[in-house]
Amino acid sequence: MSRCATVSRILDEPVSGTAATATTWLLLEQPGPWGAKALTSSHLDPALGRALEAAAEGTGVRVALIRRPGRHADPGRPSVRQVYAAHVVPGNVWLHAATTRDPHNLLDLDFAALGAGDHRSFGAALDGRPHQGDPLALVCTNGKRDRCCALMGRPLAAELCASGVRGVWEVTHLGGHRFAPTVLVLPYGYAYGRAESHTVKEALHGVREGRVVVEGCRGCSAWDRPGQAAELAVREAVGEYRAGVLSVVRTEGGASLRQITVAHADGRRWRVTVAQGRSLPPRPESCGTALGAPPRMDVVAVRALGTTALAS
């Protein structure tokens, strides 16, 4: 059977509006092998993994495991682990870092506050501080979740590291296996599909300059999938590539057709019509699964609404 990523590429399935949704990403270093559900099938204490899943549910926080690229011999439990938290909603974007000797300390976090953009518990529980290093590129490589992620993601992570790119980590799950290799770039939270080394490098360079690269972009995880497609459509329609200046402020309509209002920090607004359909012909959404018709977001129209006066 053909790999899911190969079929998706052959069918030229669009990547816009396919990113995972999360307002805040919480990343915990866990080297060694990962299972399909890595929080409970790795060398992390499975009871802790279940507790983290429960704590994050409904808060907007997405928890994932990360590890350094390279060979993954079984090292046992590391003495010190890297932890990151990133809030990706424009107007309050931040990336904080910490280390911990006991990952159970993550249960002291206020997940609801983290999801809403309040990082104070990250500082209190883990002595977290603003990340001063390079932006992060998280490459999905979990072959136990989908073989395409390992076969395509691990070589990409290795290539990036070999070429001197800093801030590269392997990550357990970003969704959308059929778009492998998939990458999430932090702090702004834009995901990329069918990623190549040059695209990831340009996206990381863009972060340093405060801009978004739209080539191969699946969307910003801060928004739901229709909102992701709408925001990217506005960027391309008006040539606005600065990070943090566009927000999805209203969604109207039914299941098949949405009217999305996208607002600019300078007061401009646009109404974006997004049709939610199904990708045909049927294709596997993941390797080894039955054929399906995954959702797709098609932008029908982008219409300027004028400018809203900014508060003084």
# chains A, B, ... in the order shown; residues from 1 in each chain; ligands from 1

$ select_by_dssp --residues "range 124-299 of chain A" --states "alpha helix (DSSP H)" --output "PyMOL selection string"
chain A and resi 124-126+147-148+154-162+197-209+225-238

$ residues_around --residues "Arg296 in chain A" --least-positions-apart "6" --cutoff "8 Å" --atoms "only C-alpha atoms" --output "VMD selection string"
chain A and resid 14 17 to 18 276 to 279

$ write_last_selection --atoms "all heavy atoms" --output "mmCIF file, in the first residue's frame"
data_model
loop_
_atom_site.group_PDB
_atom_site.id
_atom_site.type_symbol
_atom_site.label_atom_id
_atom_site.label_comp_id
_atom_site.auth_asym_id
_atom_site.auth_seq_id
_atom_site.Cartn_x
_atom_site.Cartn_y
_atom_site.Cartn_z
ATOM 1 N N PRO A 14 -4.447 20.290 -0.700
ATOM 2 C CA PRO A 14 -3.966 21.546 -0.127
ATOM 3 C C PRO A 14 -3.648 21.416 1.361
ATOM 4 O O PRO A 14 -4.328 20.688 2.089
ATOM 5 C CB PRO A 14 -5.131 22.514 -0.366
ATOM 6 C CG PRO A 14 -6.329 21.649 -0.535
ATOM 7 C CD PRO A 14 -5.844 20.381 -1.162
ATOM 8 N N GLY A 17 -5.061 25.345 6.300
ATOM 9 C CA GLY A 17 -6.179 25.026 7.171
ATOM 10 C C GLY A 17 -6.158 23.611 7.700
ATOM 11 O O GLY A 17 -7.205 23.027 7.959
ATOM 12 N N THR A 18 -4.958 23.033 7.899
ATOM 13 C CA THR A 18 -4.854 21.648 8.372
ATOM 14 C C THR A 18 -4.015 21.512 9.631
ATOM 15 O O THR A 18 -3.728 20.405 10.067
ATOM 16 C CB THR A 18 -4.241 20.739 7.290
ATOM 17 O OG1 THR A 18 -2.873 21.125 7.063
ATOM 18 C CG2 THR A 18 -5.020 20.809 5.985
ATOM 19 N N GLN A 276 -16.144 24.509 3.686
ATOM 20 C CA GLN A 276 -15.596 23.302 4.304
ATOM 21 C C GLN A 276 -16.147 22.085 3.572
ATOM 22 O O GLN A 276 -17.349 21.804 3.638
ATOM 23 C CB GLN A 276 -15.985 23.238 5.778
ATOM 24 C CG GLN A 276 -15.455 24.403 6.602
ATOM 25 C CD GLN A 276 -15.828 24.260 8.064
ATOM 26 O OE1 GLN A 276 -15.117 23.658 8.845
ATOM 27 N NE2 GLN A 276 -16.970 24.827 8.424
ATOM 28 N N GLY A 277 -15.255 21.415 2.866
ATOM 29 C CA GLY A 277 -15.678 20.245 2.114
ATOM 30 C C GLY A 277 -14.870 19.023 2.493
ATOM 31 O O GLY A 277 -14.280 18.951 3.572
ATOM 32 N N ARG A 278 -14.847 18.055 1.604
ATOM 33 C CA ARG A 278 -14.110 16.808 1.807
ATOM 34 C C ARG A 278 -13.178 16.576 0.634
ATOM 35 O O ARG A 278 -13.496 16.890 -0.517
ATOM 36 C CB ARG A 278 -15.076 15.628 1.942
ATOM 37 C CG ARG A 278 -15.915 15.677 3.206
ATOM 38 C CD ARG A 278 -15.099 15.306 4.416
ATOM 39 N NE ARG A 278 -15.829 15.452 5.674
ATOM 40 C CZ ARG A 278 -15.339 15.115 6.857
ATOM 41 N NH1 ARG A 278 -14.120 14.609 6.952
ATOM 42 N NH2 ARG A 278 -16.048 15.287 7.942
ATOM 43 N N SER A 279 -12.006 16.042 0.935
ATOM 44 C CA SER A 279 -11.020 15.757 -0.098
ATOM 45 C C SER A 279 -11.377 14.461 -0.805
ATOM 46 O O SER A 279 -11.509 13.415 -0.161
ATOM 47 C CB SER A 279 -9.620 15.652 0.520
ATOM 48 O OG SER A 279 -9.219 16.889 1.068
#

$ closest_residue --among "A:Gly216, A:Gly189, A:Pro226, A:Pro103" --to "Pro90 in chain A" --atoms "only C-alpha atoms"
A:Gly189

$ closest_residue --among "A:Thr251, A:Ser163, A:Thr6, A:Asn92" --to "Pro187 in chain A" --atoms "only C-alpha atoms"
A:Asn92

$ residues_around --residues "Gly193 in chain A" --least-positions-apart "4" --cutoff "10 Å" --atoms "only C-alpha atoms" --output "compact mmCIF listing (two decimals) with all heavy atoms, in the first residue's frame"
# COMPACT_ATOMS: atom_id res chain seq x y z
N ALA A 5 1.49 9.94 2.89
CA ALA A 5 2.07 11.21 2.42
C ALA A 5 2.28 11.20 0.92
O ALA A 5 2.12 12.24 0.25
CB ALA A 5 3.39 11.48 3.15
N PRO A 14 -4.45 20.29 -0.70
CA PRO A 14 -3.97 21.55 -0.13
C PRO A 14 -3.65 21.42 1.36
O PRO A 14 -4.33 20.69 2.09
CB PRO A 14 -5.13 22.51 -0.37
CG PRO A 14 -6.33 21.65 -0.53
CD PRO A 14 -5.84 20.38 -1.16
N VAL A 15 -2.62 22.14 1.81
CA VAL A 15 -2.20 22.05 3.21
C VAL A 15 -2.81 23.16 4.06
O VAL A 15 -2.83 23.06 5.29
CB VAL A 15 -0.66 22.08 3.34
CG1 VAL A 15 -0.04 20.95 2.56
CG2 VAL A 15 -0.09 23.42 2.91
N SER A 16 -3.31 24.22 3.45
CA SER A 16 -3.84 25.35 4.21
C SER A 16 -5.04 24.93 5.05
O SER A 16 -5.93 24.23 4.57
CB SER A 16 -4.24 26.49 3.27
OG SER A 16 -4.84 27.55 3.98
N THR A 18 -4.96 23.03 7.90
CA THR A 18 -4.85 21.65 8.37
C THR A 18 -4.02 21.51 9.63
O THR A 18 -3.73 20.40 10.07
CB THR A 18 -4.24 20.74 7.29
OG1 THR A 18 -2.87 21.12 7.06
CG2 THR A 18 -5.02 20.81 5.98
N ALA A 19 -3.60 22.62 10.24
CA ALA A 19 -2.72 22.54 11.42
C ALA A 19 -3.50 22.10 12.65
O ALA A 19 -4.72 22.28 12.75
CB ALA A 19 -2.07 23.90 11.68
N GLY A 176 -1.86 15.40 11.00
CA GLY A 176 -1.67 15.50 9.55
C GLY A 176 -0.51 14.70 9.03
O GLY A 176 0.34 15.22 8.29
N HIS A 177 -0.46 13.41 9.37
CA HIS A 177 0.64 12.55 8.92
C HIS A 177 0.82 12.60 7.41
O HIS A 177 1.94 12.51 6.91
CB HIS A 177 0.38 11.10 9.33
CG HIS A 177 -0.12 10.91 10.70
ND1 HIS A 177 0.62 11.23 11.81
CD2 HIS A 177 -1.31 10.42 11.16
CE1 HIS A 177 -0.08 10.94 12.90
NE2 HIS A 177 -1.25 10.47 12.53
N ARG A 178 -0.30 12.74 6.70
CA ARG A 178 -0.22 12.68 5.23
C ARG A 178 0.48 13.89 4.64
O ARG A 178 0.74 13.93 3.44
CB ARG A 178 -1.62 12.52 4.63
CG ARG A 178 -2.56 13.68 4.88
CD ARG A 178 -3.99 13.33 4.52
NE ARG A 178 -4.91 14.46 4.65
CZ ARG A 178 -5.42 14.88 5.80
NH1 ARG A 178 -5.09 14.27 6.93
NH2 ARG A 178 -6.25 15.91 5.82
N PHE A 179 0.79 14.88 5.46
CA PHE A 179 1.55 16.05 4.99
C PHE A 179 3.02 15.98 5.42
O PHE A 179 3.73 16.98 5.39
CB PHE A 179 0.92 17.34 5.51
CG PHE A 179 -0.52 17.51 5.10
CD1 PHE A 179 -1.52 17.56 6.04
CD2 PHE A 179 -0.87 17.60 3.75
CE1 PHE A 179 -2.85 17.70 5.67
CE2 PHE A 179 -2.19 17.74 3.36
CZ PHE A 179 -3.18 17.79 4.32
N ALA A 180 3.46 14.79 5.86
CA ALA A 180 4.85 14.63 6.32
C ALA A 180 5.83 15.00 5.21
O ALA A 180 5.55 14.78 4.02
CB ALA A 180 5.07 13.18 6.77
N PRO A 181 6.99 15.54 5.63
CA PRO A 181 7.35 15.89 7.00
C PRO A 181 6.65 17.16 7.47
O PRO A 181 6.55 18.13 6.73
CB PRO A 181 8.86 16.09 6.94
CG PRO A 181 9.17 16.41 5.53
CD PRO A 181 8.13 15.76 4.70
N THR A 182 6.13 17.11 8.71
CA THR A 182 5.43 18.25 9.28
C THR A 182 6.31 18.91 10.34
O THR A 182 7.04 18.23 11.07
CB THR A 182 4.09 17.82 9.91
OG1 THR A 182 4.33 16.89 10.98
CG2 THR A 182 3.19 17.20 8.87
N VAL A 183 6.21 20.24 10.42
CA VAL A 183 7.07 21.02 11.31
C VAL A 183 6.22 22.12 11.96
O VAL A 183 5.39 22.73 11.29
CB VAL A 183 8.24 21.66 10.53
CG1 VAL A 183 9.14 22.48 11.47
CG2 VAL A 183 9.07 20.59 9.82
N LEU A 184 6.46 22.35 13.23
CA LEU A 184 5.86 23.49 13.94
C LEU A 184 6.98 24.44 14.32
O LEU A 184 8.00 24.02 14.88
CB LEU A 184 5.13 23.03 15.20
CG LEU A 184 4.52 24.14 16.07
CD1 LEU A 184 3.32 24.76 15.37
CD2 LEU A 184 4.15 23.61 17.45
N THR A 199 12.69 25.51 3.35
CA THR A 199 11.49 26.16 3.87
C THR A 199 11.60 26.37 5.37
O THR A 199 11.25 27.44 5.89
CB THR A 199 10.24 25.32 3.55
OG1 THR A 199 10.15 25.12 2.14
CG2 THR A 199 8.98 26.01 4.05
N GLU A 215 4.87 29.84 2.34
CA GLU A 215 5.14 28.67 1.51
C GLU A 215 4.99 27.40 2.34
O GLU A 215 5.64 27.22 3.36
CB GLU A 215 6.55 28.72 0.93
CG GLU A 215 6.91 27.50 0.10
CD GLU A 215 8.38 27.46 -0.29
OE1 GLU A 215 9.11 28.43 0.00
OE2 GLU A 215 8.80 26.44 -0.87
N GLY A 216 4.09 26.52 1.92
CA GLY A 216 3.89 25.26 2.62
C GLY A 216 3.24 25.39 3.99
O GLY A 216 3.23 24.42 4.76
N CYS A 217 2.67 26.55 4.30
CA CYS A 217 2.13 26.79 5.64
C CYS A 217 0.75 26.15 5.80
O CYS A 217 -0.14 26.35 4.96
CB CYS A 217 2.07 28.28 5.93
SG CYS A 217 1.73 28.65 7.67
N ARG A 218 0.57 25.42 6.88
CA ARG A 218 -0.71 24.79 7.18
C ARG A 218 -1.61 25.71 8.00
O ARG A 218 -2.82 25.52 8.03
CB ARG A 218 -0.47 23.48 7.96
CG ARG A 218 0.36 22.46 7.21
CD ARG A 218 0.69 21.26 8.08
NE ARG A 218 -0.52 20.54 8.47
CZ ARG A 218 -0.56 19.64 9.44
NH1 ARG A 218 0.55 19.34 10.12
NH2 ARG A 218 -1.70 19.03 9.74
N GLY A 219 -1.03 26.68 8.66
CA GLY A 219 -1.82 27.62 9.45
C GLY A 219 -1.23 27.82 10.83
O GLY A 219 -0.30 27.12 11.25

$ residues_around --residues "Asp45 in chain A" --least-positions-apart "6" --cutoff "10 Å" --atoms "only C-alpha atoms" --output "ChimeraX atom specification"
/A:39,51,77,103-104

$ write_last_selection --atoms "N, CA and C atoms" --output "PDB file, in the first residue's frame"
ATOM      1  N   LEU A  39       2.653  10.061  25.317  1.00  0.00           N
ATOM      2  CA  LEU A  39       2.572  10.479  26.721  1.00  0.00           C
ATOM      3  C   LEU A  39       2.384   9.293  27.655  1.00  0.00           C
ATOM      4  N   ALA A  51      -2.146  12.009  33.617  1.00  0.00           N
ATOM      5  CA  ALA A  51      -2.492  13.187  34.407  1.00  0.00           C
ATOM      6  C   ALA A  51      -2.290  14.470  33.609  1.00  0.00           C
ATOM      7  N   ARG A  77      16.018   7.188  32.248  1.00  0.00           N
ATOM      8  CA  ARG A  77      15.393   8.448  32.588  1.00  0.00           C
ATOM      9  C   ARG A  77      16.457   9.528  32.744  1.00  0.00           C
ATOM     10  N   PRO A 103       9.723  15.582  36.289  1.00  0.00           N
ATOM     11  CA  PRO A 103       8.643  16.027  35.385  1.00  0.00           C
ATOM     12  C   PRO A 103       7.282  16.091  36.064  1.00  0.00           C
ATOM     13  N   HIS A 104       7.128  15.464  37.238  1.00  0.00           N
ATOM     14  CA  HIS A 104       5.868  15.580  37.957  1.00  0.00           C
ATOM     15  C   HIS A 104       5.595  17.023  38.367  1.00  0.00           C
TER      16      HIS A 104
END

$ closest_atom_pairs --of "range 159-193 of chain A" --to "range 117-134 of chain A" --cutoff "12 Å" --atoms "only C-alpha atoms" --output "Markdown table"
| residue | atom | partner | partner_atom | distance |
| --- | --- | --- | --- | --- |
| A:Gly164 | CA | A:Asp134 | CA | 12.0 |
| A:Val165 | CA | A:Asp134 | CA | 9.2 |
| A:Arg166 | CA | A:Asp134 | CA | 6.4 |
| A:Gly167 | CA | A:Asp134 | CA | 5.6 |
| A:Val168 | CA | A:Asp134 | CA | 9.2 |
| A:Trp169 | CA | A:Asp134 | CA | 11.9 |
| A:Val185 | CA | A:Asp134 | CA | 10.9 |
| A:Leu186 | CA | A:Asp134 | CA | 9.5 |
| A:Pro187 | CA | A:His131 | CA | 9.6 |

$ write_last_selection --atoms "C-alpha atoms" --output "short mmCIF file (atom, residue, chain, number, x, y, z; two decimals), in the first residue's frame"
data_model
loop_
_atom_site.label_atom_id
_atom_site.label_comp_id
_atom_site.auth_asym_id
_atom_site.auth_seq_id
_atom_site.Cartn_x
_atom_site.Cartn_y
_atom_site.Cartn_z
CA GLY A 164 24.05 24.05 11.64
CA VAL A 165 20.42 25.03 12.31
CA ARG A 166 19.86 25.50 16.03
CA GLY A 167 16.61 25.01 17.90
CA VAL A 168 15.63 21.77 16.12
CA TRP A 169 13.80 19.10 18.12
CA VAL A 185 7.79 26.74 14.34
CA LEU A 186 7.69 28.56 17.68
CA PRO A 187 7.04 31.08 19.12
#

$ residues_around --residues "Arg235 in chain A" --least-positions-apart "5" --cutoff "10 Å" --atoms "only C-alpha atoms" --output "list in words"
Val212, Val213, Val214, Ala230, Glu240, Tyr241, Arg242 and Leu246 of chain A

$ write_last_selection --atoms "N, CA, C and O atoms" --output "compact mmCIF listing (two decimals), in the first residue's frame"
# COMPACT_ATOMS: atom_id res chain seq x y z
N VAL A 212 6.14 36.02 8.75
CA VAL A 212 5.62 34.66 8.54
C VAL A 212 5.91 34.23 7.11
O VAL A 212 5.65 34.97 6.16
N VAL A 213 6.43 33.03 6.93
CA VAL A 213 6.62 32.43 5.61
C VAL A 213 5.37 31.62 5.30
O VAL A 213 4.97 30.74 6.09
N VAL A 214 4.73 31.90 4.17
CA VAL A 214 3.49 31.21 3.84
C VAL A 214 3.69 30.01 2.92
O VAL A 214 2.76 29.21 2.74
N ALA A 230 -8.41 31.22 6.53
CA ALA A 230 -8.78 32.61 6.30
C ALA A 230 -7.62 33.55 6.55
O ALA A 230 -7.36 34.48 5.77
N GLU A 240 0.65 40.84 3.36
CA GLU A 240 1.01 41.15 4.75
C GLU A 240 1.67 39.92 5.38
O GLU A 240 1.02 38.91 5.62
N TYR A 241 2.97 40.01 5.62
CA TYR A 241 3.70 38.87 6.13
C TYR A 241 4.31 39.12 7.50
O TYR A 241 5.03 38.26 8.02
N ARG A 242 4.00 40.25 8.11
CA ARG A 242 4.48 40.49 9.47
C ARG A 242 3.76 39.57 10.45
O ARG A 242 2.56 39.35 10.35
N LEU A 246 -2.29 39.89 12.50
CA LEU A 246 -3.61 39.45 12.05
C LEU A 246 -4.24 38.54 13.11
O LEU A 246 -3.56 37.67 13.66

$ closest_residue --among "A:Ser247, A:Thr24, A:Gln30, A:Gln82" --to "Trp94 in chain A" --atoms "only C-alpha atoms"
A:Thr24

$ closest_residue --among "A:His87, A:His43, A:His96, A:Arg81" --to "Gly60 in chain A" --atoms "only C-alpha atoms"
A:His87

$ residues_around --residues "Ala255 in chain A" --least-positions-apart "2" --cutoff "9 Å" --atoms "only C-alpha atoms" --output "list in words"
Gly253, Leu257, Arg258, Ala275 and Gln276 of chain A

$ closest_residue --among "A:Met297, A:Ala222, A:Leu305, A:Val7" --to "His264 in chain A" --atoms "only C-alpha atoms"
A:Leu305

$ closest_residue --among "A:Cys287, A:Leu106, A:Ala203, A:Leu11" --to "Ala150 in chain A" --atoms "only C-alpha atoms"
A:Cys287

$ atom_distance --atom1 "CA of Arg250 in chain A" --atom2 "CA of Pro295 in chain A"
20.9 Å

$ residues_around --residues "Ile260 in chain A" --least-positions-apart "5" --cutoff "10 Å" --atoms "only C-alpha atoms" --output "PDB file with N, CA and C atoms, in the first residue's frame"
ATOM      1  N   PRO A 226     -10.907  26.565   9.807  1.00  0.00           N
ATOM      2  CA  PRO A 226     -11.372  27.603   8.881  1.00  0.00           C
ATOM      3  C   PRO A 226     -10.643  28.938   9.116  1.00  0.00           C
ATOM      4  N   GLY A 227     -10.396  29.271  10.380  1.00  0.00           N
ATOM      5  CA  GLY A 227      -9.674  30.498  10.692  1.00  0.00           C
ATOM      6  C   GLY A 227      -8.248  30.477  10.183  1.00  0.00           C
ATOM      7  N   GLN A 228      -7.601  29.308  10.253  1.00  0.00           N
ATOM      8  CA  GLN A 228      -6.241  29.187   9.726  1.00  0.00           C
ATOM      9  C   GLN A 228      -6.210  29.505   8.240  1.00  0.00           C
ATOM     10  N   ALA A 229      -7.150  28.912   7.498  1.00  0.00           N
ATOM     11  CA  ALA A 229      -7.199  29.146   6.055  1.00  0.00           C
ATOM     12  C   ALA A 229      -7.500  30.607   5.757  1.00  0.00           C
ATOM     13  N   ALA A 230      -8.414  31.217   6.528  1.00  0.00           N
ATOM     14  CA  ALA A 230      -8.785  32.608   6.297  1.00  0.00           C
ATOM     15  C   ALA A 230      -7.616  33.549   6.550  1.00  0.00           C
ATOM     16  N   GLU A 231      -6.897  33.328   7.636  1.00  0.00           N
ATOM     17  CA  GLU A 231      -5.762  34.213   7.952  1.00  0.00           C
ATOM     18  C   GLU A 231      -4.682  34.135   6.880  1.00  0.00           C
ATOM     19  N   VAL A 248      -8.064  36.327  14.017  1.00  0.00           N
ATOM     20  CA  VAL A 248      -9.414  35.901  13.665  1.00  0.00           C
ATOM     21  C   VAL A 248     -10.333  36.362  14.787  1.00  0.00           C
ATOM     22  N   VAL A 249     -11.258  37.251  14.478  1.00  0.00           N
ATOM     23  CA  VAL A 249     -12.071  37.866  15.533  1.00  0.00           C
ATOM     24  C   VAL A 249     -13.538  37.450  15.505  1.00  0.00           C
ATOM     25  N   ARG A 250     -13.999  36.831  14.422  1.00  0.00           N
ATOM     26  CA  ARG A 250     -15.397  36.408  14.370  1.00  0.00           C
ATOM     27  C   ARG A 250     -15.553  35.292  13.357  1.00  0.00           C
ATOM     28  N   THR A 251     -16.397  34.324  13.707  1.00  0.00           N
ATOM     29  CA  THR A 251     -16.738  33.229  12.803  1.00  0.00           C
ATOM     30  C   THR A 251     -18.246  33.072  12.786  1.00  0.00           C
ATOM     31  N   GLU A 252     -18.829  33.090  11.601  1.00  0.00           N
ATOM     32  CA  GLU A 252     -20.274  32.941  11.441  1.00  0.00           C
ATOM     33  C   GLU A 252     -20.536  31.895  10.367  1.00  0.00           C
ATOM     34  N   GLY A 253     -21.752  31.373  10.349  1.00  0.00           N
ATOM     35  CA  GLY A 253     -22.139  30.430   9.324  1.00  0.00           C
ATOM     36  C   GLY A 253     -22.295  29.027   9.855  1.00  0.00           C
ATOM     37  N   TRP A 270     -11.224  42.174   7.145  1.00  0.00           N
ATOM     38  CA  TRP A 270     -11.620  41.464   5.935  1.00  0.00           C
ATOM     39  C   TRP A 270     -12.643  40.395   6.285  1.00  0.00           C
ATOM     40  N   ARG A 271     -13.564  40.143   5.374  1.00  0.00           N
ATOM     41  CA  ARG A 271     -14.502  39.037   5.489  1.00  0.00           C
ATOM     42  C   ARG A 271     -14.058  37.959   4.515  1.00  0.00           C
ATOM     43  N   VAL A 272     -13.759  36.798   5.060  1.00  0.00           N
ATOM     44  CA  VAL A 272     -13.256  35.683   4.251  1.00  0.00           C
ATOM     45  C   VAL A 272     -14.300  34.571   4.257  1.00  0.00           C
ATOM     46  N   THR A 273     -14.716  34.142   3.067  1.00  0.00           N
ATOM     47  CA  THR A 273     -15.664  33.042   2.936  1.00  0.00           C
ATOM     48  C   THR A 273     -14.883  31.747   2.743  1.00  0.00           C
ATOM     49  N   VAL A 274     -15.097  30.800   3.648  1.00  0.00           N
ATOM     50  CA  VAL A 274     -14.378  29.524   3.604  1.00  0.00           C
ATOM     51  C   VAL A 274     -15.388  28.395   3.473  1.00  0.00           C
ATOM     52  N   VAL A 302     -12.264  36.808  -0.501  1.00  0.00           N
ATOM     53  CA  VAL A 302     -11.673  37.684   0.510  1.00  0.00           C
ATOM     54  C   VAL A 302     -12.149  39.094   0.193  1.00  0.00           C
TER      55      VAL A 302
END

$ select_by_dssp --residues "range 12-89 of chain A" --states "strand (DSSP E or B)" --output "ChimeraX atom specification"
/A:24-29,34,42,61-67,81-87

$ write_last_selection --atoms "N, CA, C and O atoms" --output "mmCIF file, in the first residue's frame"
data_model
loop_
_atom_site.group_PDB
_atom_site.id
_atom_site.type_symbol
_atom_site.label_atom_id
_atom_site.label_comp_id
_atom_site.auth_asym_id
_atom_site.auth_seq_id
_atom_site.Cartn_x
_atom_site.Cartn_y
_atom_site.Cartn_z
ATOM 1 N N THR A 24 -1.658 27.214 23.368
ATOM 2 C CA THR A 24 -0.389 27.093 24.081
ATOM 3 C C THR A 24 0.167 25.699 23.897
ATOM 4 O O THR A 24 -0.565 24.707 24.003
ATOM 5 N N TRP A 25 1.452 25.628 23.623
ATOM 6 C CA TRP A 25 2.163 24.351 23.499
ATOM 7 C C TRP A 25 3.026 24.143 24.735
ATOM 8 O O TRP A 25 3.769 25.043 25.132
ATOM 9 N N LEU A 26 2.923 22.956 25.340
ATOM 10 C CA LEU A 26 3.747 22.582 26.478
ATOM 11 C C LEU A 26 4.583 21.382 26.057
ATOM 12 O O LEU A 26 4.041 20.323 25.719
ATOM 13 N N LEU A 27 5.890 21.536 26.060
ATOM 14 C CA LEU A 27 6.809 20.545 25.500
ATOM 15 C C LEU A 27 7.749 20.034 26.581
ATOM 16 O O LEU A 27 8.422 20.829 27.259
ATOM 17 N N LEU A 28 7.816 18.732 26.734
ATOM 18 C CA LEU A 28 8.644 18.091 27.749
ATOM 19 C C LEU A 28 9.635 17.154 27.082
ATOM 20 O O LEU A 28 9.249 16.298 26.277
ATOM 21 N N GLU A 29 10.898 17.298 27.416
ATOM 22 C CA GLU A 29 11.928 16.429 26.842
ATOM 23 C C GLU A 29 11.791 15.015 27.385
ATOM 24 O O GLU A 29 11.742 14.796 28.595
ATOM 25 N N TRP A 34 9.453 6.177 21.528
ATOM 26 C CA TRP A 34 8.084 6.636 21.769
ATOM 27 C C TRP A 34 7.115 5.622 21.173
ATOM 28 O O TRP A 34 7.352 5.067 20.103
ATOM 29 N N SER A 42 5.940 5.731 26.511
ATOM 30 C CA SER A 42 7.368 6.042 26.384
ATOM 31 C C SER A 42 7.967 5.754 27.751
ATOM 32 O O SER A 42 7.330 5.114 28.596
ATOM 33 N N VAL A 61 -4.298 24.031 25.889
ATOM 34 C CA VAL A 61 -2.896 23.598 25.974
ATOM 35 C C VAL A 61 -2.747 22.244 25.297
ATOM 36 O O VAL A 61 -3.540 21.329 25.537
ATOM 37 N N ARG A 62 -1.731 22.117 24.477
ATOM 38 C CA ARG A 62 -1.409 20.835 23.850
ATOM 39 C C ARG A 62 -0.052 20.387 24.383
ATOM 40 O O ARG A 62 0.929 21.123 24.277
ATOM 41 N N VAL A 63 -0.010 19.194 24.964
ATOM 42 C CA VAL A 63 1.218 18.662 25.551
ATOM 43 C C VAL A 63 1.857 17.699 24.565
ATOM 44 O O VAL A 63 1.181 16.834 23.996
ATOM 45 N N ALA A 64 3.164 17.837 24.361
ATOM 46 C CA ALA A 64 3.894 16.933 23.469
ATOM 47 C C ALA A 64 5.266 16.650 24.066
ATOM 48 O O ALA A 64 5.794 17.443 24.856
ATOM 49 N N LEU A 65 5.833 15.528 23.668
ATOM 50 C CA LEU A 65 7.192 15.176 24.072
ATOM 51 C C LEU A 65 8.153 15.552 22.964
ATOM 52 O O LEU A 65 7.819 15.513 21.780
ATOM 53 N N ILE A 66 9.371 15.931 23.368
ATOM 54 C CA ILE A 66 10.408 16.288 22.410
ATOM 55 C C ILE A 66 11.699 15.544 22.754
ATOM 56 O O ILE A 66 11.880 15.087 23.887
ATOM 57 N N ARG A 67 12.560 15.404 21.765
ATOM 58 C CA ARG A 67 13.874 14.809 21.995
ATOM 59 C C ARG A 67 14.830 15.381 20.962
ATOM 60 O O ARG A 67 14.429 15.898 19.914
ATOM 61 N N ARG A 81 15.631 17.535 32.384
ATOM 62 C CA ARG A 81 14.844 17.606 31.156
ATOM 63 C C ARG A 81 14.569 19.061 30.787
ATOM 64 O O ARG A 81 14.323 19.898 31.655
ATOM 65 N N GLN A 82 14.557 19.320 29.481
ATOM 66 C CA GLN A 82 14.185 20.635 28.977
ATOM 67 C C GLN A 82 12.662 20.716 28.890
ATOM 68 O O GLN A 82 11.996 19.754 28.500
ATOM 69 N N VAL A 83 12.126 21.870 29.241
ATOM 70 C CA VAL A 83 10.690 22.115 29.145
ATOM 71 C C VAL A 83 10.485 23.468 28.471
ATOM 72 O O VAL A 83 11.191 24.437 28.774
ATOM 73 N N TYR A 84 9.519 23.532 27.562
ATOM 74 C CA TYR A 84 9.141 24.797 26.924
ATOM 75 C C TYR A 84 7.635 24.982 27.050
ATOM 76 O O TYR A 84 6.868 24.008 27.047
ATOM 77 N N ALA A 85 7.235 26.243 27.138
ATOM 78 C CA ALA A 85 5.834 26.601 27.008
ATOM 79 C C ALA A 85 5.763 27.783 26.053
ATOM 80 O O ALA A 85 6.545 28.735 26.178
ATOM 81 N N ALA A 86 4.840 27.716 25.090
ATOM 82 C CA ALA A 86 4.719 28.780 24.087
ATOM 83 C C ALA A 86 3.250 29.116 23.897
ATOM 84 O O ALA A 86 2.440 28.230 23.628
ATOM 85 N N HIS A 87 2.916 30.397 24.042
ATOM 86 C CA HIS A 87 1.566 30.883 23.755
ATOM 87 C C HIS A 87 1.615 31.574 22.406
ATOM 88 O O HIS A 87 2.478 32.437 22.172
#
